[in-house]
$ cat upload.cif   # mmCIF, C-alpha atoms and all ligand atoms
data_run
loop_
_atom_site.label_atom_id
_atom_site.label_comp_id
_atom_site.auth_asym_id
_atom_site.auth_seq_id
_atom_site.Cartn_x
_atom_site.Cartn_y
_atom_site.Cartn_z
CA MET A 801 -13.66 2.66 22.79
CA ARG A 802 -13.00 5.41 25.38
CA PRO A 803 -11.77 8.65 23.73
CA ASN A 804 -8.01 9.09 24.30
CA PRO A 805 -6.31 12.35 23.20
CA ASN A 806 -2.86 10.71 23.41
CA LEU A 807 -3.57 7.74 21.14
CA ILE A 808 -0.74 7.23 18.60
CA PRO A 809 -2.31 6.76 15.13
CA ARG A 810 -1.64 3.53 13.23
CA PHE A 811 -0.69 5.26 9.96
CA ASN A 812 1.10 8.47 9.07
CA LEU A 813 -0.91 11.24 7.42
CA ASP A 814 1.35 14.18 7.06
CA PHE A 815 -0.38 16.88 4.95
CA ASP A 816 0.26 20.15 6.76
CA PHE A 817 -0.54 23.81 6.15
CA SER A 818 2.53 24.34 3.94
CA ASP A 819 1.37 21.38 1.80
CA LEU A 820 -2.04 23.02 1.52
CA LEU A 821 -0.48 26.27 0.28
CA TYR A 822 1.92 24.47 -2.09
CA SER A 823 -0.97 22.46 -3.56
CA ILE A 824 -3.16 25.53 -4.12
CA LYS A 825 -0.32 27.38 -5.84
CA SER A 826 0.48 24.43 -8.07
CA ILE A 827 -3.02 24.24 -9.56
CA PHE A 828 -1.92 27.19 -11.67
CA ASN A 829 1.48 25.76 -12.77
CA LYS A 830 1.94 25.66 -16.53
CA ASN A 831 4.46 22.79 -16.64
CA ILE A 832 5.28 20.01 -14.23
CA ASP A 833 8.87 18.78 -14.28
CA VAL A 834 9.12 15.01 -13.67
CA ALA A 835 12.95 14.82 -13.91
CA VAL A 836 13.20 13.61 -10.30
CA LEU A 837 11.54 10.36 -11.44
CA ASP A 838 14.31 9.71 -13.98
CA SER A 839 16.89 10.22 -11.25
CA ILE A 840 15.19 7.54 -9.12
CA PHE A 841 13.94 4.99 -11.66
CA GLY A 842 16.11 5.68 -14.70
CA GLN A 843 14.90 6.68 -18.14
CA ARG A 844 11.40 5.21 -18.46
CA LYS A 845 7.95 6.36 -19.49
CA PHE A 846 5.70 7.68 -16.69
CA TYR A 847 1.92 8.22 -16.81
CA PHE A 848 -0.38 9.51 -14.10
CA THR A 849 -3.92 8.65 -13.03
CA ASN A 850 -6.27 9.58 -10.18
CA TYR A 851 -5.62 6.35 -8.20
CA GLY A 852 -3.26 3.36 -8.13
CA ARG A 853 -6.24 1.13 -9.03
CA SER A 854 -6.87 3.25 -12.16
CA ALA A 855 -3.22 2.84 -13.15
CA LEU A 856 -3.61 -0.95 -12.89
CA TYR A 857 -6.84 -0.78 -14.91
CA VAL A 858 -5.09 1.16 -17.71
CA ILE A 859 -2.16 -1.31 -17.77
CA LEU A 860 -4.51 -4.31 -17.93
CA LYS A 861 -6.51 -2.76 -20.79
CA SER A 862 -3.28 -2.12 -22.71
CA LEU A 863 -2.45 -5.85 -22.72
CA ASN A 864 -5.21 -6.64 -25.24
CA LEU A 865 -6.01 -9.96 -23.58
CA PRO A 866 -9.23 -11.87 -24.30
CA LEU A 867 -12.10 -11.08 -21.92
CA LYS A 868 -12.21 -13.33 -18.83
CA SER A 869 -8.47 -14.03 -18.97
CA LYS A 870 -7.12 -15.09 -15.58
CA ILE A 871 -4.78 -12.65 -13.88
CA GLY A 872 -2.62 -14.00 -11.04
CA VAL A 873 -2.69 -11.82 -7.93
CA PRO A 874 -1.93 -12.43 -4.25
CA LEU A 875 -5.12 -12.93 -2.24
CA TYR A 876 -3.36 -11.06 0.58
CA SER A 877 -4.10 -7.60 -0.79
CA CYS A 878 -6.42 -4.65 -0.88
CA ASN A 879 -9.61 -5.60 -2.70
CA VAL A 880 -9.49 -2.54 -4.97
CA VAL A 881 -6.74 -4.43 -6.85
CA PHE A 882 -9.29 -7.20 -7.56
CA ASP A 883 -11.84 -4.52 -8.54
CA ALA A 884 -9.45 -3.14 -11.16
CA ILE A 885 -8.99 -6.65 -12.64
CA ILE A 886 -12.76 -7.17 -12.87
CA LYS A 887 -13.44 -3.68 -14.24
CA ALA A 888 -10.91 -4.40 -17.02
CA GLY A 889 -12.93 -7.54 -17.94
CA PHE A 890 -10.69 -10.21 -16.38
CA ILE A 891 -10.83 -12.73 -13.52
CA PRO A 892 -8.52 -12.70 -10.48
CA LYS A 893 -6.77 -16.02 -9.86
CA PHE A 894 -5.49 -15.98 -6.31
CA ILE A 895 -1.91 -16.91 -5.42
CA ASP A 896 -0.72 -17.65 -1.88
CA ILE A 897 1.99 -15.65 -0.10
CA ASP A 898 5.08 -16.81 1.80
CA ASP A 899 6.48 -15.54 5.10
CA ASN A 900 7.68 -12.35 3.36
CA PHE A 901 3.95 -11.43 2.84
CA THR A 902 4.57 -11.50 -0.94
CA ILE A 903 3.75 -14.01 -3.74
CA ASP A 904 4.89 -17.54 -2.93
CA PRO A 905 6.89 -18.62 -6.03
CA ASP A 906 6.01 -22.31 -5.37
CA ASP A 907 2.28 -21.58 -5.47
CA LEU A 908 2.77 -19.39 -8.56
CA PHE A 909 4.55 -22.29 -10.26
CA LYS A 910 1.56 -24.58 -9.57
CA LYS A 911 -0.95 -22.09 -11.03
CA ILE A 912 1.09 -20.52 -13.84
CA ASP A 913 -0.47 -22.47 -16.75
CA ASP A 914 -3.82 -20.79 -16.13
CA LEU A 915 -2.51 -17.22 -16.15
CA LYS A 916 -2.32 -14.52 -18.81
CA ALA A 917 -0.60 -11.90 -16.58
CA ILE A 918 0.76 -11.73 -13.03
CA ILE A 919 0.47 -8.91 -10.50
CA VAL A 920 3.33 -9.00 -7.99
CA ILE A 921 2.75 -6.88 -4.88
CA HIS A 922 5.71 -5.70 -2.78
CA THR A 923 3.50 -5.76 0.28
CA PHE A 924 4.39 -3.46 3.20
CA GLY A 925 7.42 -2.34 1.14
CA ARG A 926 8.97 -5.83 1.22
CA PRO A 927 10.40 -6.73 -2.21
CA ALA A 928 9.05 -9.97 -3.66
CA ASP A 929 11.43 -12.65 -4.97
CA MET A 930 11.63 -11.13 -8.47
CA GLY A 931 14.39 -13.51 -9.61
CA ARG A 932 12.31 -16.67 -9.14
CA ILE A 933 9.06 -15.01 -10.17
CA LYS A 934 10.52 -13.85 -13.50
CA LYS A 935 11.88 -17.32 -14.22
CA ILE A 936 8.51 -18.94 -13.53
CA ALA A 937 6.61 -16.29 -15.52
CA GLY A 938 8.61 -16.80 -18.73
CA ASP A 939 6.78 -14.77 -21.41
CA ILE A 940 3.75 -13.96 -19.27
CA PRO A 941 3.67 -10.21 -18.52
CA ILE A 942 4.53 -9.19 -14.98
CA ILE A 943 2.90 -6.11 -13.45
CA GLU A 944 4.60 -4.86 -10.29
CA ASP A 945 2.33 -3.29 -7.67
CA CYS A 946 4.54 -0.74 -5.90
CA ALA A 947 1.74 0.90 -3.90
CA HIS A 948 3.74 0.22 -0.72
CA SER A 949 7.28 -0.04 -2.06
CA LEU A 950 8.52 3.42 -3.01
CA PHE A 951 12.36 3.32 -2.72
CA SER A 952 12.48 -0.41 -1.84
CA GLU A 953 15.14 -2.37 -3.71
CA TYR A 954 15.78 -5.91 -4.87
CA LYS A 955 19.40 -6.73 -5.75
CA ASP A 956 20.30 -3.00 -5.76
CA LYS A 957 17.57 -2.08 -8.24
CA LYS A 958 14.42 -0.14 -7.33
CA THR A 959 11.15 -2.05 -7.19
CA GLY A 960 9.09 -0.90 -10.14
CA THR A 961 11.91 -1.53 -12.63
CA PHE A 962 11.64 -5.34 -12.88
CA GLY A 963 8.20 -5.95 -14.34
CA ASN A 964 7.05 -5.21 -17.87
CA PHE A 965 4.81 -2.64 -16.18
CA SER A 966 4.63 -1.14 -12.72
CA TYR A 967 2.15 1.02 -10.89
CA PHE A 968 2.30 3.09 -7.74
CA SER A 969 -0.36 4.51 -5.47
CA LEU A 970 1.12 7.94 -4.85
CA ALA A 971 -0.81 8.84 -1.70
CA LYS A 972 0.56 6.14 0.59
CA TYR A 973 4.06 6.57 2.03
CA ILE A 974 4.03 10.20 0.85
CA SER A 975 1.02 12.12 2.12
CA ILE A 976 -0.76 13.80 -0.78
CA GLY A 977 -4.39 13.97 -1.86
CA GLY A 978 -4.35 10.97 -4.22
CA GLY A 979 -2.93 9.63 -7.44
CA GLY A 980 -1.48 6.70 -9.33
CA MET A 981 1.56 6.30 -11.56
CA ILE A 982 2.36 3.83 -14.33
CA THR A 983 5.88 3.18 -15.48
CA THR A 984 7.10 0.99 -18.31
CA ASN A 985 9.99 0.81 -20.74
CA TYR A 986 8.03 -1.16 -23.36
CA ILE A 987 7.52 1.21 -26.24
CA ASP A 988 4.59 -0.66 -27.90
CA SER A 989 2.60 -0.80 -24.69
CA ALA A 990 3.64 2.73 -23.81
CA ASN A 991 1.93 3.94 -26.99
CA ILE A 992 -1.33 2.20 -26.07
CA ILE A 993 -1.12 3.49 -22.50
CA HIS A 994 -0.40 6.97 -23.81
CA GLN A 995 -3.56 6.85 -25.97
CA GLU A 996 -5.68 5.57 -23.08
CA ILE A 997 -4.32 8.25 -20.72
CA SER A 998 -4.89 11.01 -23.30
CA SER A 999 -8.59 10.14 -23.40
CA LEU A 1000 -9.06 10.52 -19.62
CA GLU A 1001 -10.75 13.53 -18.03
CA LYS A 1002 -9.03 15.94 -15.70
CA SER A 1003 -10.43 17.66 -12.61
CA SER A 1004 -11.74 21.23 -12.65
CA ILE A 1005 -10.10 23.87 -10.46
CA ASN A 1006 -13.02 23.61 -8.01
CA GLU A 1007 -12.60 19.84 -7.74
CA GLU A 1008 -8.87 20.26 -7.13
CA LEU A 1009 -9.49 22.85 -4.41
CA LYS A 1010 -12.08 20.64 -2.73
CA ASN A 1011 -9.64 17.69 -2.78
CA ILE A 1012 -6.86 19.83 -1.25
CA PHE A 1013 -9.04 20.99 1.64
CA ILE A 1014 -10.32 17.46 2.27
CA SER A 1015 -6.71 16.16 2.37
CA TYR A 1016 -5.75 18.87 4.85
CA ALA A 1017 -8.78 18.19 7.09
CA ARG A 1018 -8.22 14.42 6.94
CA SER A 1019 -4.62 14.84 8.05
CA PHE A 1020 -5.59 17.31 10.80
CA PHE A 1021 -8.05 14.82 12.30
CA TYR A 1022 -5.49 12.01 11.95
CA HIS A 1023 -3.26 13.67 14.55
CA LYS A 1024 -3.34 14.01 18.31
CA PRO A 1025 -5.58 14.89 20.09
CA TRP A 1026 -8.34 14.55 17.47
CA PHE A 1027 -7.45 11.07 16.22
CA GLY A 1028 -8.10 9.38 19.57
CA LEU A 1029 -10.83 11.80 20.65
CA ILE A 1030 -12.99 11.80 17.53
CA SER A 1031 -11.70 10.10 14.37
CA LEU A 1032 -11.02 6.58 15.61
CA PRO A 1033 -14.12 6.31 17.87
CA ILE A 1034 -16.32 7.41 14.94
CA GLY A 1035 -14.41 5.15 12.51
CA LEU A 1036 -14.87 2.11 14.78
CA SER A 1037 -18.56 2.79 15.28
CA ILE A 1038 -19.28 2.75 11.54
CA GLU A 1039 -16.64 0.16 10.52
CA ASP A 1040 -19.01 -2.80 10.28
CA LYS A 1041 -21.93 -0.81 8.91
CA VAL A 1042 -20.36 0.73 5.78
CA ASP A 1043 -18.10 -1.01 3.33
CA LEU A 1044 -15.64 1.81 2.66
CA MET A 1045 -13.44 -0.40 0.51
CA ASN A 1046 -16.08 -1.45 -1.98
CA LYS A 1047 -15.33 0.89 -4.88
CA ARG A 1048 -15.83 -1.57 -7.74
CA ASN A 1049 -17.20 1.17 -9.95
CA PHE A 1050 -14.36 3.60 -9.39
CA ASN A 1051 -13.85 6.40 -11.82
CA VAL A 1052 -10.68 6.38 -13.96
CA SER A 1053 -9.34 9.87 -14.64
CA LEU A 1054 -6.14 11.91 -14.74
CA ILE A 1055 -4.20 12.84 -11.64
CA ASN A 1056 -4.87 16.28 -10.13
CA LYS A 1057 -2.14 18.78 -11.00
CA SER A 1058 -1.85 19.74 -7.33
CA ASP A 1059 -1.39 16.10 -6.25
CA LEU A 1060 1.30 15.40 -8.83
CA SER A 1061 3.16 18.63 -8.04
CA LEU A 1062 3.13 17.98 -4.29
CA PHE A 1063 4.19 14.36 -4.82
CA LEU A 1064 7.22 15.35 -6.92
CA HIS A 1065 8.09 18.14 -4.49
CA LYS A 1066 8.09 15.79 -1.49
CA LEU A 1067 9.70 12.93 -3.42
CA SER A 1068 12.91 14.87 -4.08
CA THR A 1069 13.95 14.63 -0.40
CA PHE A 1070 11.86 11.66 0.69
CA LYS A 1071 14.69 9.13 0.93
CA GLU A 1072 15.62 10.82 4.25
CA GLN A 1073 12.18 10.02 5.66
CA VAL A 1074 12.47 6.43 4.47
CA GLU A 1075 15.80 6.14 6.31
CA LEU A 1076 14.20 7.56 9.47
CA GLN A 1077 11.35 5.07 9.22
CA ARG A 1078 13.83 2.20 8.71
CA ASN A 1079 15.70 3.31 11.82
CA ASN A 1080 12.46 3.41 13.82
CA SER A 1081 11.72 -0.10 12.58
CA PHE A 1082 15.16 -1.42 13.58
CA PHE A 1083 14.67 0.18 17.00
CA LEU A 1084 11.33 -1.65 17.41
CA ILE A 1085 12.82 -4.94 16.18
CA ASP A 1086 15.63 -4.71 18.70
CA ALA A 1087 13.39 -3.69 21.60
CA LEU A 1088 10.74 -6.36 20.96
CA LYS A 1089 12.96 -9.32 20.04
CA GLU A 1090 12.58 -11.23 23.33
CA ASN A 1091 8.89 -11.89 22.73
CA SER A 1092 6.96 -14.74 21.15
CA ILE A 1093 5.69 -12.71 18.18
CA LYS A 1094 7.32 -12.95 14.75
CA LEU A 1095 8.96 -9.65 13.84
CA PRO A 1096 9.67 -8.37 10.32
CA TYR A 1097 13.15 -8.86 8.90
CA GLU A 1098 14.99 -7.77 5.78
CA LYS A 1099 15.64 -10.57 3.29
CA ASN A 1100 19.09 -10.97 1.71
CA ASN A 1101 19.64 -8.76 -1.33
CA THR A 1102 16.78 -6.43 -0.48
CA TYR A 1103 16.35 -2.92 0.86
CA CYS A 1104 12.97 -2.66 2.56
CA ASN A 1105 11.40 0.79 2.97
CA TYR A 1106 9.46 -0.43 6.06
CA TYR A 1107 6.35 1.38 4.85
CA LEU A 1108 4.53 -0.73 7.43
CA PHE A 1109 5.69 -2.79 10.40
CA PRO A 1110 3.90 -6.16 10.39
CA ILE A 1111 4.10 -8.59 13.31
CA LEU A 1112 2.60 -12.08 13.46
CA PHE A 1113 0.97 -13.65 16.54
CA LYS A 1114 0.54 -17.37 17.20
CA ASN A 1115 -3.18 -17.23 16.52
CA LYS A 1116 -6.23 -14.99 16.01
CA ASP A 1117 -7.28 -14.99 19.64
CA GLU A 1118 -3.91 -13.65 20.82
CA ARG A 1119 -3.80 -11.11 18.00
CA ASP A 1120 -7.29 -9.79 18.68
CA LYS A 1121 -6.70 -9.45 22.42
CA ALA A 1122 -3.36 -7.71 21.89
CA SER A 1123 -4.86 -5.34 19.31
CA MET A 1124 -7.61 -4.23 21.71
CA GLU A 1125 -5.27 -3.91 24.66
CA LEU A 1126 -2.65 -1.89 22.73
CA ARG A 1127 -5.34 0.51 21.57
CA LYS A 1128 -6.78 0.84 25.08
CA ARG A 1129 -3.33 1.77 26.37
CA GLY A 1130 -2.60 4.35 23.65
CA VAL A 1131 -1.06 2.53 20.65
CA ASP A 1132 -3.33 2.24 17.64
CA ASN A 1133 -2.67 -0.66 15.24
CA ALA A 1134 -4.17 -2.28 12.15
CA LYS A 1135 -5.13 -5.84 11.16
CA LEU A 1136 -4.18 -5.14 7.57
CA PHE A 1137 -5.87 -7.17 4.80
CA SER A 1138 -7.19 -9.54 7.49
CA LYS A 1139 -10.54 -9.77 5.73
CA SER A 1140 -9.09 -10.69 2.34
CA PRO A 1141 -9.95 -14.44 2.50
CA GLU A 1142 -13.53 -13.68 3.60
CA ILE A 1143 -14.08 -10.89 1.06
CA GLY A 1144 -12.29 -12.97 -1.59
CA THR A 1145 -14.74 -15.83 -1.01
CA LYS A 1146 -17.87 -13.69 -0.92
CA GLN A 1147 -17.11 -11.31 -3.77
CA TYR A 1148 -14.23 -12.48 -5.98
CA GLY A 1149 -14.48 -16.27 -6.38
CA TYR A 1150 -11.64 -17.28 -4.03
CA ASP A 1151 -11.33 -21.09 -4.08
CA GLN A 1152 -9.80 -21.71 -0.61
CA ASP A 1153 -6.42 -22.54 -2.14
CA CYS A 1154 -4.21 -20.02 -0.31
CA PRO A 1155 -3.74 -21.62 3.15
CA PHE A 1156 -0.85 -19.45 4.33
CA THR A 1157 -2.73 -16.25 3.45
CA GLU A 1158 -5.62 -17.48 5.61
CA GLN A 1159 -3.22 -17.95 8.53
CA VAL A 1160 -1.56 -14.56 8.06
CA ALA A 1161 -4.95 -12.84 7.85
CA ASP A 1162 -5.75 -14.20 11.33
CA ARG A 1163 -2.36 -13.44 12.88
CA ILE A 1164 -1.28 -10.08 11.42
CA LEU A 1165 -1.03 -6.75 13.21
CA THR A 1166 0.85 -3.63 12.12
CA LEU A 1167 2.38 -1.28 14.69
CA PRO A 1168 3.11 2.44 14.18
CA ASN A 1169 6.69 3.03 12.99
CA HIS A 1170 6.31 6.30 11.07
CA TYR A 1171 9.10 8.77 10.46
CA THR A 1172 7.04 11.48 12.20
CA LEU A 1173 7.08 9.67 15.60
CA SER A 1174 9.09 11.38 18.33
CA ASN A 1175 11.57 9.40 20.48
CA LYS A 1176 9.10 9.70 23.34
CA GLU A 1177 6.36 8.14 21.24
CA LEU A 1178 8.63 5.33 20.02
CA ASN A 1179 9.58 4.50 23.60
CA LYS A 1180 5.91 4.57 24.56
CA ILE A 1181 5.12 2.08 21.76
CA VAL A 1182 7.88 -0.23 23.04
CA ASP A 1183 6.86 0.03 26.71
CA ILE A 1184 3.17 -0.55 26.05
CA THR A 1185 3.80 -3.36 23.57
CA ARG A 1186 6.10 -5.13 26.05
CA GLU A 1187 3.54 -4.65 28.83
CA VAL A 1188 0.84 -6.24 26.67
CA PHE A 1189 3.05 -9.13 25.51
CA GLN A 1190 4.23 -9.90 29.03
CA ASN A 1191 0.76 -9.87 30.60
CA GLU A 1192 -0.28 -13.53 30.65
CA ASN A 1193 -3.94 -12.62 30.91
CA ILE A 1194 -3.72 -11.00 27.51
CA ILE A 1195 -1.64 -13.33 25.38
C1 LIG B 1201 -1.20 -3.15 -2.30
C2 LIG B 1201 -2.12 -2.10 -2.87
N1 LIG B 1201 -2.16 -1.95 -4.20
C3 LIG B 1201 -2.96 -1.02 -4.77
C4 LIG B 1201 -3.76 -0.19 -4.01
C5 LIG B 1201 -4.63 0.81 -4.69
O1 LIG B 1201 -4.20 2.11 -4.52
P1 LIG B 1201 -5.21 3.32 -4.68
O2 LIG B 1201 -5.93 3.45 -3.36
O3 LIG B 1201 -4.36 4.51 -4.99
O4 LIG B 1201 -6.15 2.97 -5.75
C6 LIG B 1201 -3.74 -0.32 -2.63
C7 LIG B 1201 -4.60 0.56 -1.84
O5 LIG B 1201 -4.94 0.56 -0.80
C8 LIG B 1201 -2.88 -1.30 -2.03
O6 LIG B 1201 -2.82 -1.45 -0.70
#

$ encode --input "upload.cif" --output "structure tokens" --more "lines below"
Ligand SMILES: Cc1ncc(COP(=O)(O)O)c(C=O)c1O
Amino acid sequence: MRPNPNLIPRFNLDFDFSDLLYSIKSIFNKNIDVAVLDSIFGQRKFYFTNYGRSALYVILKSLNLPLKSKIGVPLYSCNVVFDAIIKAGFIPKFIDIDDNFTIDPDDLFKKIDDLKAIIVIHTFGRPADMGRIKKIAGDIPIIEDCAHSLFSEYKDKKTGTFGNFSYFSLAKYISIGGGGMITTNYIDSANIIHQEISSLEKSSINEELKNIFISYARSFFYHKPWFGLISLPIGLSIEDKVDLMNKRNFNVSLINKSDLSLFLHKLSTFKEQVELQRNNSFFLIDALKENSIKLPYEKNNTYCNYYLFPILFKNKDERDKASMELRKRGVDNAKLFSKSPEIGTKQYGYDQDCPFTEQVADRILTLPNHYTLSNKELNKIVDITREVFQNENII
């Protein structure tokens, strides 16, 4: 790829100098006030870990299931979710998705008898069909994965308040150094989770400082001009050589004080950013609607945070050509979770029984829609995307 200082990054990484200062100061805080969480999610128990995957691991351990129990999980996901299942001593049983990119209730119904727990992922911030899923699950515990779905709602209730347990990856929509959160209102399980969390190690001041500076540097190089000049070209050149996602032996520890403080600080006003990102998404939907791609839409009874903006092409060939061409012309993009069927087969025992996931993996592309984009950048994304879609030599 030719270096391009004007390339618009695919994701938003928004950790600036004031965040760096806030984080450093907060290492020395005595108490951290989590009241803002009650105002968003209602009165529940909240626990914090170093990653979202660690939060899932702790929840799974608290269920006291026999070893090798099967845990239902969408194949269309990040493989660290499967790693957490295996690390906890269980086996992922893969469920297909529907055209909302979330668990297909019909496929769940077919596979339910095998399962001891179900992980429901609100992928890209799109709430899953919790009504049908809860009916099918009956007494089987539901764990909501809200890594992408901060502030999303299903039937006027926040995602994360439907399952017996929920977990969030805190460093996704909100740019912080890292972290995971568990929430539950089941007192028995909360006691077990509390014990497990109390036994985890916390970072030293030096480790916290190192993490803060890394987060700042990562964000700096994820912006123009450095993203297109250095970060993406280097990233692409090592992409196939190192497996950055293979963290099966991840370490489970407590969240850094600085990460939790910055998360809560940003969270208190974050709904405004979510609204901005929704407006950007509606602008893209309107501007791109005349084309042959399938655009995202908001299902009835849901409020989608539009954490990501997924579009579907007719086939892999068209998707791959469009992805390259968009990037060449200045719009970065991601083929999110497109390797999940392949990785699932090679590493996690996927049985080729999720046909729609296999299609989506070949056809998916996400476009930038972040709340930090300027109007000029949004118009550039529309113009370039239209140019690429209308050029018959490309798709
Ligand atoms: C859907 C989903 N769930 C969970 C995770 C895990 O989050 P973390 O990286 O904080 O462990 C990810 C991470 O990429 C994800 O995409």

$ closest_atom_pairs --input "upload.cif" --of "chain A" --to "ligand LIG 1201 (chain B)" --cutoff "10 Å" --atoms "only C-alpha atoms and all ligand atoms" --output "tab-separated table"
residue	atom	partner	partner_atom	distance
A:Thr849	CA	B:LIG1201	O3	9.1
A:Asn850	CA	B:LIG1201	O3	7.5
A:Tyr851	CA	B:LIG1201	O3	3.9
A:Gly852	CA	B:LIG1201	O3	3.5
A:Arg853	CA	B:LIG1201	O4	3.8
A:Ser854	CA	B:LIG1201	O4	6.5
A:Ala855	CA	B:LIG1201	O4	8.0
A:Leu856	CA	B:LIG1201	C3	8.1
A:Tyr857	CA	B:LIG1201	O4	9.9
A:Pro874	CA	B:LIG1201	C1	9.5
A:Tyr876	CA	B:LIG1201	C1	8.7
A:Ser877	CA	B:LIG1201	C1	5.5
A:Cys878	CA	B:LIG1201	O6	4.8
A:Asn879	CA	B:LIG1201	C6	7.9
A:Val880	CA	B:LIG1201	C5	5.9
A:Val881	CA	B:LIG1201	C3	5.5
A:Phe882	CA	B:LIG1201	C3	9.3
A:Asp883	CA	B:LIG1201	C5	9.8
A:Ala884	CA	B:LIG1201	O4	8.8
A:Ile919	CA	B:LIG1201	N1	9.7
A:Val920	CA	B:LIG1201	C1	9.3
A:Ile921	CA	B:LIG1201	C1	6.0
A:His922	CA	B:LIG1201	C1	7.4
A:Thr923	CA	B:LIG1201	C1	6.0
A:Phe924	CA	B:LIG1201	C1	7.8
A:Gly925	CA	B:LIG1201	C1	9.3
A:Glu944	CA	B:LIG1201	N1	9.6
A:Asp945	CA	B:LIG1201	N1	5.8
A:Cys946	CA	B:LIG1201	N1	7.0
A:Ala947	CA	B:LIG1201	N1	4.8
A:His948	CA	B:LIG1201	C1	6.2
A:Ser949	CA	B:LIG1201	C1	9.0
A:Tyr967	CA	B:LIG1201	C3	8.2
A:Phe968	CA	B:LIG1201	C3	7.3
A:Ser969	CA	B:LIG1201	O3	4.0
A:Leu970	CA	B:LIG1201	O3	6.5
A:Ala971	CA	B:LIG1201	O3	6.5
A:Lys972	CA	B:LIG1201	O3	7.6
A:Gly977	CA	B:LIG1201	O3	10.0
A:Gly978	CA	B:LIG1201	O3	6.5
A:Gly979	CA	B:LIG1201	O3	5.9
A:Gly980	CA	B:LIG1201	O3	5.7
A:Met981	CA	B:LIG1201	O3	9.0
A:Met1045	CA	B:LIG1201	O5	8.7
A:Lys1047	CA	B:LIG1201	O4	9.5
A:Phe1050	CA	B:LIG1201	O4	9.0
A:Val1052	CA	B:LIG1201	O4	10.0
A:Leu1136	CA	B:LIG1201	O6	9.2
A:Phe1137	CA	B:LIG1201	O6	8.5

$ closest_residue --input "upload.cif" --among "A:Ser952, A:Asn1191, A:Ser998, A:Ser862" --to "Glu1125 (chain A)" --atoms "only C-alpha atoms"
A:Asn1191

$ residues_around --input "upload.cif" --residues "Asn991 (chain A)" --least-positions-apart "3" --cutoff "12 Å" --atoms "all atoms listed in the file" --output "ChimeraX atom specification"
/A:845-847,858-859,862-863,984-988,994-998

$ closest_atom_pairs --input "upload.cif" --of "region 1113-1156 of chain A" --to "region 1078-1100 of chain A" --cutoff "12 Å" --atoms "all atoms listed in the file" --output "CSV"
residue,atom,partner,partner_atom,distance
A:Phe1113,CA,A:Ile1093,CA,5.1
A:Lys1114,CA,A:Ile1093,CA,7.0
A:Asn1115,CA,A:Ile1093,CA,10.1
A:Glu1118,CA,A:Ile1093,CA,10.0
A:Arg1119,CA,A:Ile1093,CA,9.6
A:Ala1122,CA,A:Ile1093,CA,11.0

$ residues_around --input "upload.cif" --residues "Leu1009 (chain A)" --least-positions-apart "4" --cutoff "7 Å" --atoms "only C-alpha atoms" --output "mmCIF file with C-alpha atoms, in the coordinates of the input"
data_model
loop_
_atom_site.group_PDB
_atom_site.id
_atom_site.type_symbol
_atom_site.label_atom_id
_atom_site.label_comp_id
_atom_site.auth_asym_id
_atom_site.auth_seq_id
_atom_site.Cartn_x
_atom_site.Cartn_y
_atom_site.Cartn_z
ATOM 1 C CA ILE A 824 -3.160 25.530 -4.120
ATOM 2 C CA ILE A 1005 -10.100 23.870 -10.460
ATOM 3 C CA PHE A 1013 -9.040 20.990 1.640
#

$ residues_around --input "upload.cif" --residues "Asp906 (chain A)" --least-positions-apart "3" --cutoff "10 Å" --atoms "only C-alpha atoms" --output "tab-separated table (two decimals) with C-alpha atoms, keeping the file's coordinate frame"
chain	number	residue	atom	x	y	z
A	895	ILE	CA	-1.91	-16.91	-5.42
A	896	ASP	CA	-0.72	-17.65	-1.88
A	897	ILE	CA	1.99	-15.65	-0.10
A	898	ASP	CA	5.08	-16.81	1.80
A	903	ILE	CA	3.75	-14.01	-3.74
A	909	PHE	CA	4.55	-22.29	-10.26
A	910	LYS	CA	1.56	-24.58	-9.57
A	911	LYS	CA	-0.95	-22.09	-11.03
A	912	ILE	CA	1.09	-20.52	-13.84
A	932	ARG	CA	12.31	-16.67	-9.14
A	933	ILE	CA	9.06	-15.01	-10.17
A	936	ILE	CA	8.51	-18.94	-13.53

$ residues_around --input "upload.cif" --residues "Phe965 (chain A)" --least-positions-apart "2" --cutoff "6 Å" --atoms "only C-alpha atoms" --output "PyMOL selection string"
chain A and resi 943+963+983-984

$ atom_distance --input "upload.cif" --atom1 "CA of Tyr1148 (chain A)" --atom2 "CA of Asp907 (chain A)"
18.9 Å

$ closest_residue --input "upload.cif" --among "A:Thr1166, A:Thr1069, A:Ser1138, A:Asn1101" --to "Leu1126 (chain A)" --atoms "only C-alpha atoms"
A:Thr1166

$ closest_atom_pairs --input "upload.cif" --of "region 966-1027 of chain A" --to "region 803-812 of chain A" --cutoff "8 Å" --atoms "all atoms listed in the file" --output "JSON lines"
{"residue": "A:Tyr973", "atom": "CA", "partner": "A:Asn812", "partner_atom": "CA", "distance": 7.9}
{"residue": "A:Ser975", "atom": "CA", "partner": "A:Asn812", "partner_atom": "CA", "distance": 7.9}
{"residue": "A:Tyr1022", "atom": "CA", "partner": "A:Pro809", "partner_atom": "CA", "distance": 6.9}
{"residue": "A:His1023", "atom": "CA", "partner": "A:Pro809", "partner_atom": "CA", "distance": 7.0}
{"residue": "A:Lys1024", "atom": "CA", "partner": "A:Pro805", "partner_atom": "CA", "distance": 6.0}
{"residue": "A:Pro1025", "atom": "CA", "partner": "A:Pro805", "partner_atom": "CA", "distance": 4.1}
{"residue": "A:Trp1026", "atom": "CA", "partner": "A:Pro805", "partner_atom": "CA", "distance": 6.5}
{"residue": "A:Phe1027", "atom": "CA", "partner": "A:Pro809", "partner_atom": "CA", "distance": 6.8}

$ atom_distance --input "upload.cif" --atom1 "CA of Glu1007 (chain A)" --atom2 "CA of Ile832 (chain A)"
19.0 Å
